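The structure appears right after this line, and notes come after that.
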Amino acid sequence: MTWQIFASSAPGLERLLADEIHGLVPVDFHTSHRPSAIEVVPGGVSFGGSTETLGHALVGLGLAARVLVRVAEFPVRHLNELEKSVARLPWSDWLRPTEPLEIRATAKKSKLFHTGAIQERVARGIQRAGGPAAATVEAVVGGQAKPTAGELASQTAGGQAGPQTNESDEASERVLDGTWEGGERVHPAVVVRIERDRCMLSLDVSGQPLHRRGYRVNPYRAPLREDLARALVIVSGWDRRQPLVDPCCGSGTVLIEAALWANRIPPGLGREFALGATALSDPAGIRAIKRQRLGWAEATVGEGRLAGFDRDPNAIAAAQLNWQQWHAQLTRVGDFDAGPGVCGGQFPTIEWEAQDVMRLAIRETPVTWVTNPPWGDRIQPSGKLVFLYQRLGELRRQSGPASRLALITLHRELAYKTGVPLGSAFLTDAGGLKVNAFVESDSATR
Ligand SMILES: C[S@@+](CC[C@H](N)C(=O)[O-])C[C@H]1O[C@@H](n2cnc3c(N)ncnc32)[C@H](O)[C@@H]1O
């Protein structure tokens with residue numbers, strides 16, 4: 001069975017995500033499980049693949065926000081017609097009748113526009129076809145699930161997960177704090193999109209958005225989304241061998257993502273996915289994929305030293321906790337202990353130190369500087385920020401010609417204060433703000 005798969009991404013990351021999908025499995029991997037027909041489309045990347053490909057996408061993609069699989073597409077103009085068409089589909093081949101299910105709907109330029117009614121009819125159609133019963137179907141409103149189909153009619157839908165903001169991300173991480181183990185929601189969702197009187201039905205097999213790796217137990221202040229941090233590391237042009245330093249590391253996301261990326265450690269290793277709660281797979285199947293991908297990690301150990309500094313000792317404490325959490329996750333991959341054997345026993349290390357960037361000394365050269373400095377909104381008055389960005393430029397210059405600087409920031413003018421020739425590698429959304437990832441000009445190819 002070849003599925004039509006869609007991986008959504010934060011804005012600006014689509015091409016990087018397509019590259020990641022191209023390299024998702026080794027070239028000699030079983031042909032039928034390799035992603036095929038990879039195409040950048042608005043909001044993400046579409047590709048073909050088997051159920052196993054889906055599992056690899058969930059566990060192995062670090063830049064995707066969600067992974068969906070298209071199950072049906074048909075014309076529709078009336079609610080009765082919608083329910084009937086849905087009821088004709090083989091839901092029990094895709095969903096387990098006892099598992100909770102979410103239904104999200106959007107409608108555009110169509111005769112059917114009431115998303116609550118659409119959700120209700122889709123829920124009824126699924127139940128008629130032997131899918132999950134009414135009591136286990138939930139509508140999603142503003143990211144929170146409301147129980148029972150009876151409530152569906154009065155709900156408006158939350159559509160497919162869009163870009164999340166730094167702030168909402170922080171809030172949602174806090175909700176997760178302490179509930180990650182066993183408390184996370186891994187329900188599959190049926191995503192209904194009606195556009196120009198055509199209905200497209202997909203299964204969202206992600207569960208929590210994929211950037212939530214599960215290691216960020218303390219997001220501290222203004223954390224960067226994990227997928228954006230990883231994208232910044234990738235566009236920085238880091239060769240995985242130079243030291244990589246984040247001089248304003250906050251809760252450590254850039255460095256943790258750099259360590260995982262450099263060593264090809266699966267970003268989804270420590271979390272669950274809704275795919276395991278569908279009829280397409282099960283948790284054991286996902287564990288097997290995690291184990292296989294860990295085997296690939298062993299072959300490609302990055303050698304670069306990783307170091308994170310922040311003037312705030314509480315930020316450093318948060319970063320250390322998050323990094324420890326990641327280690328802890330490694331030993332909890334289902335029924336196997338992956339810890340000591342990962343990366344041939346040379347698990348990456350990160351040095352953390354409370355230090356002000358103004359007093360930071362260069363310890364070795366060359367260096368790849370990758371950072372998410374304050375933007376000047378809530379964290380610091382903008383006057384001081386000019387000095388901070390100037391200092392970042394100074395450090396970059398002092399660390400020699402083979403060094404590099406990459407930073408993500410809200411204000412172009414601040415990036416230019418570094419005095420380093422920077423160009424935008426991608427423009428994305430964080431905290432509802434348009435932010436740019438700036439890299440040294442020869443790496444600004446996108
Ligand atoms: C936007 S946050 C970084 C967030 C981080 N990327 C994460 O995901 O958690 C900026 C960080 O810069 C730090 N910072 C501000 N001024 C600094 C300075 N002069 N020296 C070092 N760190 C500084 C702040 O304490 C804050 O943790």
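Following the order of the structure tokens, first chain is A, next is B, and so on, with residues numbered from 1 inside each chain and ligands from 1 in the order they appear.
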
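Using only C-alpha atoms, the contacts of segment 266-283 of chain A at a cut-off of 7 Å, with sequence neighbours closer than 5 positions omitted, comprise Thr51, Leu58, Val59, Gly60, Leu61, Gly62, Asp93, Trp94, Leu95, Arg96, Glu99, Val186, His187, Pro188, Val205, Ser206, Gly207, Arg213, Gly214, Leu260, Lys290, Arg293, Leu294, Gln329, Leu330 and Val333 of chain A.
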
Could you produce a table of the residues of chain A lying within 8 Å of ligand 1, with the nearest pair of atoms per residue and their separation in Å rounded to one decimal, using only C-alpha atoms and all ligand atoms, ordered by chain and increasing residue number, as a Markdown table?
```
| residue | atom | partner | partner_atom_place_in_ligand_line | distance |
| --- | --- | --- | --- | --- |
| A:Pro219 | CA | ligand 1 | 9 (O) | 6.0 |
| A:Tyr220 | CA | ligand 1 | 9 (O) | 6.4 |
| A:Arg221 | CA | ligand 1 | 27 (O) | 6.4 |
| A:Ala222 | CA | ligand 1 | 1 (C) | 5.0 |
| A:Pro223 | CA | ligand 1 | 8 (O) | 3.5 |
| A:Leu224 | CA | ligand 1 | 8 (O) | 3.8 |
| A:Arg225 | CA | ligand 1 | 8 (O) | 6.6 |
| A:Glu226 | CA | ligand 1 | 8 (O) | 7.4 |
| A:Ala229 | CA | ligand 1 | 6 (N) | 7.2 |
| A:Pro247 | CA | ligand 1 | 21 (C) | 5.9 |
| A:Cys248 | CA | ligand 1 | 12 (O) | 4.0 |
| A:Cys249 | CA | ligand 1 | 5 (C) | 5.0 |
| A:Gly250 | CA | ligand 1 | 27 (O) | 3.4 |
| A:Ser251 | CA | ligand 1 | 9 (O) | 3.5 |
| A:Gly252 | CA | ligand 1 | 9 (O) | 5.2 |
| A:Thr253 | CA | ligand 1 | 8 (O) | 4.3 |
| A:Val254 | CA | ligand 1 | 6 (N) | 5.9 |
| A:Phe309 | CA | ligand 1 | 21 (C) | 6.3 |
| A:Asp310 | CA | ligand 1 | 22 (N) | 3.8 |
| A:Arg311 | CA | ligand 1 | 21 (C) | 4.0 |
| A:Asp312 | CA | ligand 1 | 25 (O) | 4.8 |
| A:Ala315 | CA | ligand 1 | 27 (O) | 5.5 |
| A:Ala319 | CA | ligand 1 | 9 (O) | 7.5 |
| A:Ala354 | CA | ligand 1 | 21 (C) | 7.9 |
| A:Gln355 | CA | ligand 1 | 21 (C) | 6.1 |
| A:Asp356 | CA | ligand 1 | 20 (N) | 3.6 |
| A:Val357 | CA | ligand 1 | 20 (N) | 3.8 |
| A:Met358 | CA | ligand 1 | 19 (N) | 5.8 |
| A:Thr371 | CA | ligand 1 | 6 (N) | 6.6 |
| A:Asn372 | CA | ligand 1 | 6 (N) | 4.8 |
| A:Pro373 | CA | ligand 1 | 10 (C) | 4.5 |
| A:Pro374 | CA | ligand 1 | 10 (C) | 4.3 |
| A:Trp375 | CA | ligand 1 | 1 (C) | 6.8 |
| A:Ile379 | CA | ligand 1 | 24 (C) | 7.3 |
| A:Gln380 | CA | ligand 1 | 15 (C) | 7.3 |
| A:Leu385 | CA | ligand 1 | 16 (N) | 7.8 |
| A:Leu388 | CA | ligand 1 | 19 (N) | 6.0 |
```

Go ahead and write the residues just picked, C-alpha atoms, as an mmCIF file, in the first residue's frame.
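Generated file (selection-v6.cif):
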```cif
data_model
loop_
_atom_site.group_PDB
_atom_site.id
_atom_site.type_symbol
_atom_site.label_atom_id
_atom_site.label_comp_id
_atom_site.auth_asym_id
_atom_site.auth_seq_id
_atom_site.Cartn_x
_atom_site.Cartn_y
_atom_site.Cartn_z
ATOM 1 C CA PRO A 219 11.427 25.698 28.706
ATOM 2 C CA TYR A 220 12.528 28.588 30.919
ATOM 3 C CA ARG A 221 12.022 31.948 29.151
ATOM 4 C CA ALA A 222 11.295 32.528 25.452
ATOM 5 C CA PRO A 223 12.394 29.098 24.216
ATOM 6 C CA LEU A 224 12.833 28.546 20.519
ATOM 7 C CA ARG A 225 10.761 25.813 18.945
ATOM 8 C CA GLU A 226 12.852 22.675 18.487
ATOM 9 C CA ALA A 229 16.451 25.525 16.359
ATOM 10 C CA PRO A 247 26.519 32.127 23.750
ATOM 11 C CA CYS A 248 22.868 32.927 24.693
ATOM 12 C CA CYS A 249 21.668 29.342 25.060
ATOM 13 C CA GLY A 250 18.620 29.799 27.327
ATOM 14 C CA SER A 251 17.099 26.375 27.936
ATOM 15 C CA GLY A 252 19.538 24.796 25.489
ATOM 16 C CA THR A 253 17.354 23.983 22.504
ATOM 17 C CA VAL A 254 19.882 24.954 19.797
ATOM 18 C CA PHE A 309 26.620 29.890 27.775
ATOM 19 C CA ASP A 310 24.036 32.175 29.281
ATOM 20 C CA ARG A 311 24.422 34.980 31.765
ATOM 21 C CA ASP A 312 21.428 33.659 33.708
ATOM 22 C CA ALA A 315 18.718 29.305 32.195
ATOM 23 C CA ALA A 319 19.357 23.617 29.861
ATOM 24 C CA ALA A 354 26.777 30.610 33.291
ATOM 25 C CA GLN A 355 28.715 33.385 31.578
ATOM 26 C CA ASP A 356 27.914 36.816 30.190
ATOM 27 C CA VAL A 357 28.609 37.141 26.470
ATOM 28 C CA MET A 358 30.348 40.450 27.225
ATOM 29 C CA THR A 371 22.322 31.461 18.632
ATOM 30 C CA ASN A 372 18.896 32.856 19.384
ATOM 31 C CA PRO A 373 19.804 36.084 21.198
ATOM 32 C CA PRO A 374 17.173 38.242 22.903
ATOM 33 C CA TRP A 375 15.030 40.170 20.417
ATOM 34 C CA ILE A 379 13.594 40.241 27.852
ATOM 35 C CA GLN A 380 15.804 43.293 27.587
ATOM 36 C CA LEU A 385 20.851 44.790 22.724
ATOM 37 C CA LEU A 388 25.120 42.439 22.710
#
```

Please run DSSP on the backbone and report, as a PyMOL selection string, all residues within segment 190-286 of chain A that come out as strand (DSSP E). chain A and resi 190-195+198-204+244-246

Please give the complete set of residues from segment 182-420 of chain A that DSSP, run on the backbone, assigns to helix (DSSP H, G or I), formatted as a PyMOL selection string. chain A and resi 182-183+226-235+253-262+274-277+283-298+313-330+342-345+357-359+382-398+412-416

Segment 121-131 of chain A surroundings by only C-alpha atoms, 8 Å radius, close-in-sequence under 5 positions cut, as a list in words: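 Final neighbour list, sorted by chain and number: Leu79, Asn80, Leu82, Glu83, Lys84, Ser85, Val86, Ala87, Arg88, Leu89, Pro90, Trp91, Ser92, Leu95, Arg96, Pro97, Ile103, Val137 and Ala149 of chain A.
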
Output C-alpha atoms for every residue in that selection, as a PDB file, in the first residue's frame.
```
ATOM      1  CA  LEU A  79     -24.287  17.160   4.841  1.00  0.00           C
ATOM      2  CA  ASN A  80     -26.216  13.912   4.091  1.00  0.00           C
ATOM      3  CA  LEU A  82     -20.910  13.902   3.350  1.00  0.00           C
ATOM      4  CA  GLU A  83     -22.072  11.414   5.985  1.00  0.00           C
ATOM      5  CA  LYS A  84     -22.868   8.771   3.354  1.00  0.00           C
ATOM      6  CA  SER A  85     -19.517   9.158   1.587  1.00  0.00           C
ATOM      7  CA  VAL A  86     -17.671   8.943   4.905  1.00  0.00           C
ATOM      8  CA  ALA A  87     -19.662   5.843   5.924  1.00  0.00           C
ATOM      9  CA  ARG A  88     -18.607   4.060   2.728  1.00  0.00           C
ATOM     10  CA  LEU A  89     -14.916   4.236   3.687  1.00  0.00           C
ATOM     11  CA  PRO A  90     -13.105   1.322   5.392  1.00  0.00           C
ATOM     12  CA  TRP A  91     -12.512   3.076   8.738  1.00  0.00           C
ATOM     13  CA  SER A  92     -11.904  -0.120  10.648  1.00  0.00           C
ATOM     14  CA  LEU A  95      -8.710   3.142  13.120  1.00  0.00           C
ATOM     15  CA  ARG A  96      -9.211   1.010  16.184  1.00  0.00           C
ATOM     16  CA  PRO A  97     -12.842   1.278  17.322  1.00  0.00           C
ATOM     17  CA  ILE A 103     -11.955  15.369  14.364  1.00  0.00           C
ATOM     18  CA  VAL A 137     -14.875  10.905  19.311  1.00  0.00           C
ATOM     19  CA  ALA A 149     -19.799  13.616  19.699  1.00  0.00           C
TER      20      ALA A 149
END
```

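The space between atom CA of Glu353 of chain A and atom CA of Ala328 of chain A spans 21.2 Å.
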
Skipping near chain neighbours, those fewer than 3 positions away, what residues fall within 9 Å of Leu407 of chain A using only C-alpha atoms, listed as a PyMOL selection string? chain A and resi 232+236+369-373+415+436-439

Hey, can you spit out that residue selection with N, CA and C atoms as an mmCIF file, in the first residue's frame?
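Saved as selection.cif:
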```cif
data_model
loop_
_atom_site.group_PDB
_atom_site.id
_atom_site.type_symbol
_atom_site.label_atom_id
_atom_site.label_comp_id
_atom_site.auth_asym_id
_atom_site.auth_seq_id
_atom_site.Cartn_x
_atom_site.Cartn_y
_atom_site.Cartn_z
ATOM 1 N N LEU A 232 17.987 26.221 12.159
ATOM 2 C CA LEU A 232 19.049 27.218 12.284
ATOM 3 C C LEU A 232 20.426 26.538 12.261
ATOM 4 N N SER A 236 23.229 27.013 9.272
ATOM 5 C CA SER A 236 24.466 27.695 9.716
ATOM 6 C C SER A 236 25.679 27.227 8.913
ATOM 7 N N TRP A 369 29.236 29.734 15.579
ATOM 8 C CA TRP A 369 28.374 30.387 16.574
ATOM 9 C C TRP A 369 26.936 30.281 16.081
ATOM 10 N N VAL A 370 26.082 29.633 16.843
ATOM 11 C CA VAL A 370 24.667 29.507 16.448
ATOM 12 C C VAL A 370 23.832 29.928 17.642
ATOM 13 N N THR A 371 22.999 30.927 17.447
ATOM 14 C CA THR A 371 22.322 31.461 18.632
ATOM 15 C C THR A 371 20.974 32.116 18.343
ATOM 16 N N ASN A 372 20.208 32.201 19.399
ATOM 17 C CA ASN A 372 18.896 32.856 19.384
ATOM 18 C C ASN A 372 18.970 33.915 20.481
ATOM 19 N N PRO A 373 19.626 35.060 20.161
ATOM 20 C CA PRO A 373 19.804 36.084 21.198
ATOM 21 C C PRO A 373 18.470 36.750 21.528
ATOM 22 N N ALA A 415 20.686 42.361 13.635
ATOM 23 C CA ALA A 415 21.594 41.387 12.996
ATOM 24 C C ALA A 415 22.746 42.128 12.329
ATOM 25 N N ASN A 436 13.724 36.189 11.222
ATOM 26 C CA ASN A 436 14.646 35.719 10.186
ATOM 27 C C ASN A 436 15.772 34.907 10.805
ATOM 28 N N ALA A 437 16.154 33.850 10.100
ATOM 29 C CA ALA A 437 17.403 33.155 10.442
ATOM 30 C C ALA A 437 18.468 33.771 9.551
ATOM 31 N N PHE A 438 19.459 34.412 10.175
ATOM 32 C CA PHE A 438 20.529 35.054 9.414
ATOM 33 C C PHE A 438 21.778 34.180 9.456
ATOM 34 N N VAL A 439 22.396 34.022 8.298
ATOM 35 C CA VAL A 439 23.641 33.250 8.237
ATOM 36 C C VAL A 439 24.651 34.048 7.430
#
```

For the contact check between segment 197-246 of chain A and segment 72-75 of chain A, emit one row per residue of segment 197-246 of chain A within 9 Å, containing the shortest atom pair and the distance in Å rounded to one decimal, counting only C-alpha atoms, chain then rising number order, as a Markdown table.
```
| residue | atom | partner | partner_atom | distance |
| --- | --- | --- | --- | --- |
| A:Asp197 | CA | A:Pro75 | CA | 5.8 |
| A:Arg198 | CA | A:Pro75 | CA | 4.2 |
| A:Cys199 | CA | A:Phe74 | CA | 5.4 |
| A:Met200 | CA | A:Glu73 | CA | 4.4 |
| A:Leu201 | CA | A:Ala72 | CA | 5.2 |
| A:Ser202 | CA | A:Ala72 | CA | 7.0 |
```

Would you put the residues from that selection into a file with N, CA and C atoms, as a JSON list (two decimals), in the first residue's frame?
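What ended up in result-v8.json:
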```json
[["chain", "number", "residue", "atom", "x", "y", "z"],
["A", 197, "ASP", "N", -16.03, 22.73, -2.69],
["A", 197, "ASP", "CA", -16.95, 21.59, -2.72],
["A", 197, "ASP", "C", -16.26, 20.24, -2.92],
["A", 198, "ARG", "N", -15.01, 20.16, -2.59],
["A", 198, "ARG", "CA", -14.32, 18.85, -2.56],
["A", 198, "ARG", "C", -13.88, 18.59, -1.13],
["A", 199, "CYS", "N", -14.11, 17.36, -0.69],
["A", 199, "CYS", "CA", -13.73, 17.00, 0.69],
["A", 199, "CYS", "C", -12.47, 16.15, 0.66],
["A", 200, "MET", "N", -11.50, 16.56, 1.43],
["A", 200, "MET", "CA", -10.26, 15.78, 1.56],
["A", 200, "MET", "C", -10.16, 15.30, 3.00],
["A", 201, "LEU", "N", -10.02, 14.00, 3.16],
["A", 201, "LEU", "CA", -9.93, 13.42, 4.50],
["A", 201, "LEU", "C", -8.54, 12.86, 4.72],
["A", 202, "SER", "N", -7.94, 13.24, 5.82],
["A", 202, "SER", "CA", -6.61, 12.73, 6.17],
["A", 202, "SER", "C", -6.62, 12.25, 7.60]]
```

For Gly23 of chain A, which of A:Ser46, A:Arg212, A:Leu101, A:Arg264 is the closest residue, counting only C-alpha atoms?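 Of A:Ser46, A:Arg212, A:Leu101, A:Arg264, the one nearest Gly23 of chain A, counting only C-alpha atoms, is A:Arg264.
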
Would you mind listing what lies within 8 Å of Ala231 of chain A as a count of residues only, with only C-alpha atoms counted and same-chain residues fewer than 3 positions away left out? 7

Residue with smallest distance to Glu52 of chain A - pool A:Ala288, A:Pro132, A:Leu17, A:Arg240, counting only C-alpha atoms: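 Among the listed residues, the smallest separation from Glu52 of chain A belongs to A:Ala288.
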
Close residues, Pro35 of chain A itself excluded, 12 Å, only C-alpha atoms, min 2 positions apart in chain, as a PyMOL selection string: chain A and resi 2-7+18-27+29-33+37-39+45-57

So that I have them on file, write out the residues from the current selection with C-alpha atoms, as an mmCIF file, in the first residue's frame.
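Result file again_4.cif:
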```cif
data_model
loop_
_atom_site.group_PDB
_atom_site.id
_atom_site.type_symbol
_atom_site.label_atom_id
_atom_site.label_comp_id
_atom_site.auth_asym_id
_atom_site.auth_seq_id
_atom_site.Cartn_x
_atom_site.Cartn_y
_atom_site.Cartn_z
ATOM 1 C CA THR A 2 1.429 3.390 -0.985
ATOM 2 C CA TRP A 3 0.019 6.259 1.008
ATOM 3 C CA GLN A 4 -0.108 9.872 -0.023
ATOM 4 C CA ILE A 5 1.643 11.543 2.901
ATOM 5 C CA PHE A 6 1.821 15.206 3.881
ATOM 6 C CA ALA A 7 4.374 16.566 6.333
ATOM 7 C CA ALA A 18 12.028 18.281 1.616
ATOM 8 C CA ASP A 19 15.810 17.762 1.886
ATOM 9 C CA GLU A 20 15.300 15.968 5.181
ATOM 10 C CA ILE A 21 12.674 13.684 3.596
ATOM 11 C CA HIS A 22 15.059 12.909 0.708
ATOM 12 C CA GLY A 23 17.596 11.703 3.281
ATOM 13 C CA LEU A 24 15.079 10.039 5.626
ATOM 14 C CA VAL A 25 16.274 6.487 4.963
ATOM 15 C CA PRO A 26 19.551 5.192 3.489
ATOM 16 C CA VAL A 27 19.688 4.911 -0.307
ATOM 17 C CA PHE A 29 16.772 0.909 2.068
ATOM 18 C CA HIS A 30 13.870 -1.275 0.930
ATOM 19 C CA THR A 31 12.492 0.485 -2.201
ATOM 20 C CA SER A 32 8.829 0.281 -1.214
ATOM 21 C CA HIS A 33 9.545 2.021 2.114
ATOM 22 C CA ALA A 37 7.418 11.736 -5.404
ATOM 23 C CA ILE A 38 8.691 14.279 -2.857
ATOM 24 C CA GLU A 39 7.199 17.689 -3.594
ATOM 25 C CA VAL A 45 5.935 18.597 1.700
ATOM 26 C CA SER A 46 3.922 15.817 0.068
ATOM 27 C CA PHE A 47 5.381 12.410 -0.681
ATOM 28 C CA GLY A 48 4.428 8.785 -1.146
ATOM 29 C CA GLY A 49 5.349 5.876 1.058
ATOM 30 C CA SER A 50 4.299 2.780 2.959
ATOM 31 C CA THR A 51 3.074 2.546 6.540
ATOM 32 C CA GLU A 52 6.700 1.893 7.473
ATOM 33 C CA THR A 53 7.690 5.135 5.706
ATOM 34 C CA LEU A 54 5.113 6.891 7.870
ATOM 35 C CA GLY A 55 6.762 5.492 10.998
ATOM 36 C CA HIS A 56 10.192 6.599 9.817
ATOM 37 C CA ALA A 57 8.842 10.075 9.071
#
```
